[in-house]
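Have a look at the structure below, then the notes.
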Amino acid sequence: MALTSTPFLSYHEIQVDKIDIYDDAYGFYQEFNDVMNLLEQVKPVPSKRLTKRLIERVRQMN
Amino acid sequence: MKKTMSDYELIEKFVKGEQSCFETLIQRHKNKVFAYISLYIRDQALAEDLFQDTFLKVIQSVKSGKYYDNGKFISWVMRIAHNLIIDHFRRVKQLNTVSNDDYESDLFNSKKFAEANVEDHMIKKQIQKDIRNLISQLPDDQREVVILRHYSGLSFKEIADITDVSINTALGRMRYALINMRKMMEEKKISLTFN
């Protein structure tokens with residue numbers, strides 16, 4: 001009999017660090033896929049100038 | 001292979017005098033912190049001040065031994081940002097001078113935009129402005145959960161801790177926020193016409 005089996009995964013090998021169990025259980029990403037995709041269009045990042053100014057202030061504190 | 005230092009390892013080294021370790025922490029977490037503050041506070045100049053104040057407050061707290069590692073450094077930083085925002089609104093309320101300045105951040109500080117054609121640029125800019133407006137029209141508690149979950153990547157457990165509510169309440173706020181946003185999208189006929 002030709003057996004095709006999935007590789008065995010131990011409990012500790014299952015990656016759950018980046019998964020929010022509540023997100024998963026409530027299925028927000030499935031149900032509100034359209035809204036989530038829209039939210040993806042905005043990616044606020046601090047400007048280089050702002051980051052540089054912050055690092056300079058941190059250096060002055062020390 | 002070079003091992004990436006954990007947040008706590010970086011903090012320990014920073015306390016011992018390795019300045020660059022805090023800079024690594026800033027680079028690692030700046031986007032999450034900035035997204036939260038800049039989407040919550042519409043005034044860009046104020047958002048930038050609070051962004052800097054958050055990290056400076058983190059340093060003060062770390063140096064005075066107020067940080068105890070539980071593997072959730074970013075969650076702790078976001079709580080500091082949250083408290084600074086609340087303090088700000090309390091002060092504004094006391095002064096009774098609420099600002100209604102429309103906030104439009106520099107979303108196009110990437111060189112890529114210089115190469116994109118003008119029409120695409122304008123469509124994208126309009127969509128981003130619409131989305132910011134959608135977010136800003138949500139009630140405060142719903143807006144906060146959406147930002148902390150979607151843009152700052154915190155878990156619902158962490159969001160519940162930061163905002164002092166139960167996990168069920170945080171989940172409920174998220175659901176209402178998404179329903180409200182979908183309703184507004186339909187009313188305003190906002191859709192992804194640009195990819």
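Lettering and numbering for the structure tokens are positional, with chains as A, B, ... in the shown order, residues counted from 1 in each chain, and ligands counted from 1 in the shown order.
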
Report as number ranges by chain the set of chain B residues whose atoms approach chain A to within 9 Å, with distances computed over only C-alpha atoms.
-> B: 17, 19, 22-23, 26-27, 30-32, 34-36, 38-39, 48, 51-53, 55-56, 59, 105-107, 109, 124, 127-129, 131-132, 135, 150-151, 153-157, 167, 171, 174-175, 178-179, 181-182, 185, 190-192, 195

Those residues you just picked out, can you put them in a file as a compact mmCIF listing (two decimals), in the first residue's frame with N, CA and C atoms?
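That gives us out_23.txt:
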```txt
# COMPACT_ATOMS: atom_id res chain seq x y z
N GLY B 17 25.31 51.17 29.22
CA GLY B 17 26.06 52.22 28.54
C GLY B 17 26.21 52.11 27.04
N GLN B 19 24.95 52.94 24.01
CA GLN B 19 24.01 53.89 23.42
C GLN B 19 23.31 53.35 22.17
N PHE B 22 19.85 51.39 22.11
CA PHE B 22 18.53 52.04 22.12
C PHE B 22 18.16 52.49 20.71
N GLU B 23 19.16 52.89 19.96
CA GLU B 23 18.90 53.29 18.58
C GLU B 23 18.37 52.11 17.76
N ILE B 26 14.78 51.80 18.59
CA ILE B 26 13.99 52.82 17.88
C ILE B 26 13.73 52.35 16.45
N GLN B 27 14.80 51.93 15.78
CA GLN B 27 14.65 51.48 14.39
C GLN B 27 13.69 50.29 14.29
N LYS B 30 9.90 51.92 15.59
CA LYS B 30 9.42 53.27 15.28
C LYS B 30 8.14 53.28 14.43
N ASN B 31 8.02 52.36 13.48
CA ASN B 31 6.84 52.39 12.60
C ASN B 31 5.55 52.09 13.35
N LYS B 32 5.62 51.12 14.26
CA LYS B 32 4.42 50.75 15.02
C LYS B 32 3.98 51.91 15.91
N PHE B 34 4.78 55.14 15.59
CA PHE B 34 4.38 56.30 14.79
C PHE B 34 2.99 56.09 14.18
N ALA B 35 2.74 54.88 13.69
CA ALA B 35 1.42 54.60 13.09
C ALA B 35 0.32 54.84 14.11
N TYR B 36 0.52 54.35 15.30
CA TYR B 36 -0.49 54.52 16.35
C TYR B 36 -0.74 56.01 16.62
N SER B 38 0.22 58.78 14.91
CA SER B 38 -0.14 59.66 13.79
C SER B 38 -1.55 59.41 13.26
N LEU B 39 -2.06 58.18 13.45
CA LEU B 39 -3.44 57.93 13.01
C LEU B 39 -4.44 58.34 14.08
N GLU B 48 4.27 64.19 15.88
CA GLU B 48 5.74 64.04 15.86
C GLU B 48 6.32 64.30 17.25
N PHE B 51 5.49 61.34 19.44
CA PHE B 51 6.33 60.20 19.02
C PHE B 51 7.70 60.27 19.70
N GLN B 52 8.28 61.46 19.67
CA GLN B 52 9.59 61.63 20.32
C GLN B 52 9.47 61.51 21.84
N ASP B 53 8.43 62.14 22.38
CA ASP B 53 8.24 62.09 23.83
C ASP B 53 8.09 60.65 24.34
N PHE B 55 9.48 57.88 23.20
CA PHE B 55 10.77 57.20 23.33
C PHE B 55 11.63 57.83 24.45
N LEU B 56 11.51 59.15 24.63
CA LEU B 56 12.27 59.79 25.70
C LEU B 56 11.75 59.33 27.07
N ILE B 59 13.09 55.92 27.83
CA ILE B 59 14.46 55.98 28.36
C ILE B 59 14.44 56.30 29.85
N SER B 105 -0.61 63.66 6.39
CA SER B 105 0.80 63.39 6.61
C SER B 105 1.55 63.27 5.29
N ASP B 106 2.86 63.25 5.44
CA ASP B 106 3.69 63.08 4.26
C ASP B 106 3.75 61.60 3.92
N LEU B 107 2.74 61.16 3.21
CA LEU B 107 2.67 59.74 2.87
C LEU B 107 3.56 59.40 1.70
N ASN B 109 6.83 60.20 1.08
CA ASN B 109 8.23 60.55 1.28
C ASN B 109 9.15 59.49 0.67
N LYS B 124 -3.84 57.56 -5.85
CA LYS B 124 -3.39 56.91 -4.62
C LYS B 124 -3.49 57.87 -3.43
N ILE B 127 -7.10 58.14 -2.37
CA ILE B 127 -7.56 56.94 -1.65
C ILE B 127 -7.02 56.96 -0.22
N GLN B 128 -5.74 57.30 -0.07
CA GLN B 128 -5.15 57.32 1.27
C GLN B 128 -5.80 58.38 2.15
N LYS B 129 -6.13 59.50 1.52
CA LYS B 129 -6.80 60.56 2.27
C LYS B 129 -8.19 60.08 2.73
N ILE B 131 -9.11 57.02 3.25
CA ILE B 131 -8.99 56.01 4.30
C ILE B 131 -8.69 56.66 5.64
N ARG B 132 -7.82 57.66 5.61
CA ARG B 132 -7.54 58.40 6.86
C ARG B 132 -8.81 59.05 7.40
N ILE B 135 -10.95 56.40 9.07
CA ILE B 135 -10.42 56.04 10.39
C ILE B 135 -10.74 57.15 11.39
N HIS B 150 -4.26 46.70 13.70
CA HIS B 150 -3.89 46.62 12.29
C HIS B 150 -2.54 47.27 11.99
N TYR B 151 -2.30 48.43 12.56
CA TYR B 151 -1.07 49.15 12.20
C TYR B 151 0.08 48.90 13.17
N GLY B 153 0.15 46.10 15.18
CA GLY B 153 0.34 44.65 15.27
C GLY B 153 0.24 44.07 16.67
N LEU B 154 -0.45 44.74 17.57
CA LEU B 154 -0.59 44.20 18.92
C LEU B 154 -1.69 43.13 18.94
N SER B 155 -1.57 42.21 19.88
CA SER B 155 -2.61 41.18 20.02
C SER B 155 -3.79 41.79 20.76
N PHE B 156 -4.94 41.12 20.69
CA PHE B 156 -6.11 41.65 21.41
C PHE B 156 -5.89 41.64 22.92
N LYS B 157 -5.09 40.69 23.38
CA LYS B 157 -4.78 40.64 24.81
C LYS B 157 -3.99 41.90 25.19
N ILE B 167 -10.92 41.57 26.99
CA ILE B 167 -10.64 41.15 25.61
C ILE B 167 -11.93 41.17 24.78
N LEU B 171 -12.53 43.11 21.31
CA LEU B 171 -12.99 42.42 20.10
C LEU B 171 -14.29 43.04 19.57
N MET B 174 -13.53 46.22 17.80
CA MET B 174 -12.94 45.95 16.49
C MET B 174 -14.06 45.62 15.49
N ARG B 175 -14.97 44.78 15.91
CA ARG B 175 -16.06 44.38 15.01
C ARG B 175 -16.91 45.60 14.61
N LEU B 178 -15.04 47.80 12.16
CA LEU B 178 -14.99 47.27 10.80
C LEU B 178 -16.36 47.40 10.10
N ILE B 179 -17.41 47.15 10.88
CA ILE B 179 -18.77 47.30 10.31
C ILE B 179 -19.00 48.77 9.92
N MET B 181 -16.78 51.05 9.26
CA MET B 181 -15.93 51.45 8.14
C MET B 181 -16.50 50.93 6.81
N ARG B 182 -17.01 49.71 6.84
CA ARG B 182 -17.60 49.17 5.61
C ARG B 182 -18.81 50.01 5.19
N MET B 185 -17.59 53.17 3.74
CA MET B 185 -17.01 52.90 2.41
C MET B 185 -18.11 52.86 1.36
N ILE B 190 -16.14 54.40 -1.60
CA ILE B 190 -14.69 54.28 -1.61
C ILE B 190 -14.34 52.82 -1.91
N SER B 191 -13.51 52.63 -2.89
CA SER B 191 -13.05 51.27 -3.17
C SER B 191 -11.62 51.34 -3.66
N LEU B 192 -11.01 50.18 -3.75
CA LEU B 192 -9.63 50.15 -4.20
C LEU B 192 -9.56 50.22 -5.71
N ASN B 195 -4.00 49.83 -7.43
CA ASN B 195 -3.23 48.76 -6.79
C ASN B 195 -1.75 48.99 -6.96
```

Run DSSP on the backbone of this structure and report the residues of stretch 9-93 of chain B it assigns to alpha helix (DSSP H), as a PyMOL selection string.
-> chain B and resi 9-15+19-40+44-63+73-93

Distance query stretch 84-95 of chain B at most 10 Å, only C-alpha atoms, self and fewer than 2 positions along chain excluded, as a PyMOL selection string | chain B and resi 37+40-41+46-47+50-51+53-54+57+78-82+97-99

Write a file of the selected residues as a compact mmCIF listing (two decimals), in the first residue's frame, keeping C-alpha atoms.
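Now in part-v1.txt:
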```txt
# COMPACT_ATOMS: atom_id res chain seq x y z
CA ILE B 37 0.17 58.15 17.26
CA TYR B 40 -4.86 58.80 16.40
CA ILE B 41 -3.72 62.41 16.48
CA LEU B 46 1.78 67.21 17.62
CA ALA B 47 2.02 63.56 16.51
CA LEU B 50 4.37 62.76 21.02
CA PHE B 51 6.33 60.20 19.02
CA ASP B 53 8.24 62.09 23.83
CA THR B 54 7.24 58.42 23.93
CA LYS B 57 9.83 58.67 28.39
CA MET B 78 2.51 51.54 23.35
CA ARG B 79 1.02 51.95 26.79
CA ILE B 80 3.37 54.89 27.35
CA ALA B 81 2.26 56.38 24.02
CA HIS B 82 -1.37 55.78 24.97
CA THR B 97 -9.14 74.65 22.81
CA VAL B 98 -9.87 71.68 20.60
CA SER B 99 -7.98 71.71 17.35
```

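Put simply, atom CA of B:Lys183 is 23.1 Å away from atom CA of A:Ala25.
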
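Computed from the coordinates, the atom CA of B:Ile162 to atom CA of B:Asn83 distance equals 9.0 Å.
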
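Picture a line from atom CA of B:Leu138 to atom CA of B:Met184; it runs 9.8 Å.
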
Excluding same-chain residues fewer than 3 positions from B:Met5, what lies within 10 Å of it counting only C-alpha atoms, as a PDB file with C-alpha atoms, in the first residue's frame?
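Produced file out.pdb, reproduced below:
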```pdb
ATOM      1  CA  LYS B   2      24.456  36.546  13.698  1.00  0.00           C
ATOM      2  CA  TYR B   8      15.343  42.970  26.620  1.00  0.00           C
ATOM      3  CA  GLU B   9      18.947  42.179  25.719  1.00  0.00           C
ATOM      4  CA  LEU B  10      19.146  45.548  23.968  1.00  0.00           C
ATOM      5  CA  ILE B  11      17.690  47.328  26.997  1.00  0.00           C
ATOM      6  CA  CYS B  21      21.331  49.558  21.510  1.00  0.00           C
ATOM      7  CA  THR B  24      18.377  49.718  17.410  1.00  0.00           C
ATOM      8  CA  LEU B  25      15.189  49.581  19.469  1.00  0.00           C
TER       9      LEU B  25
END
```
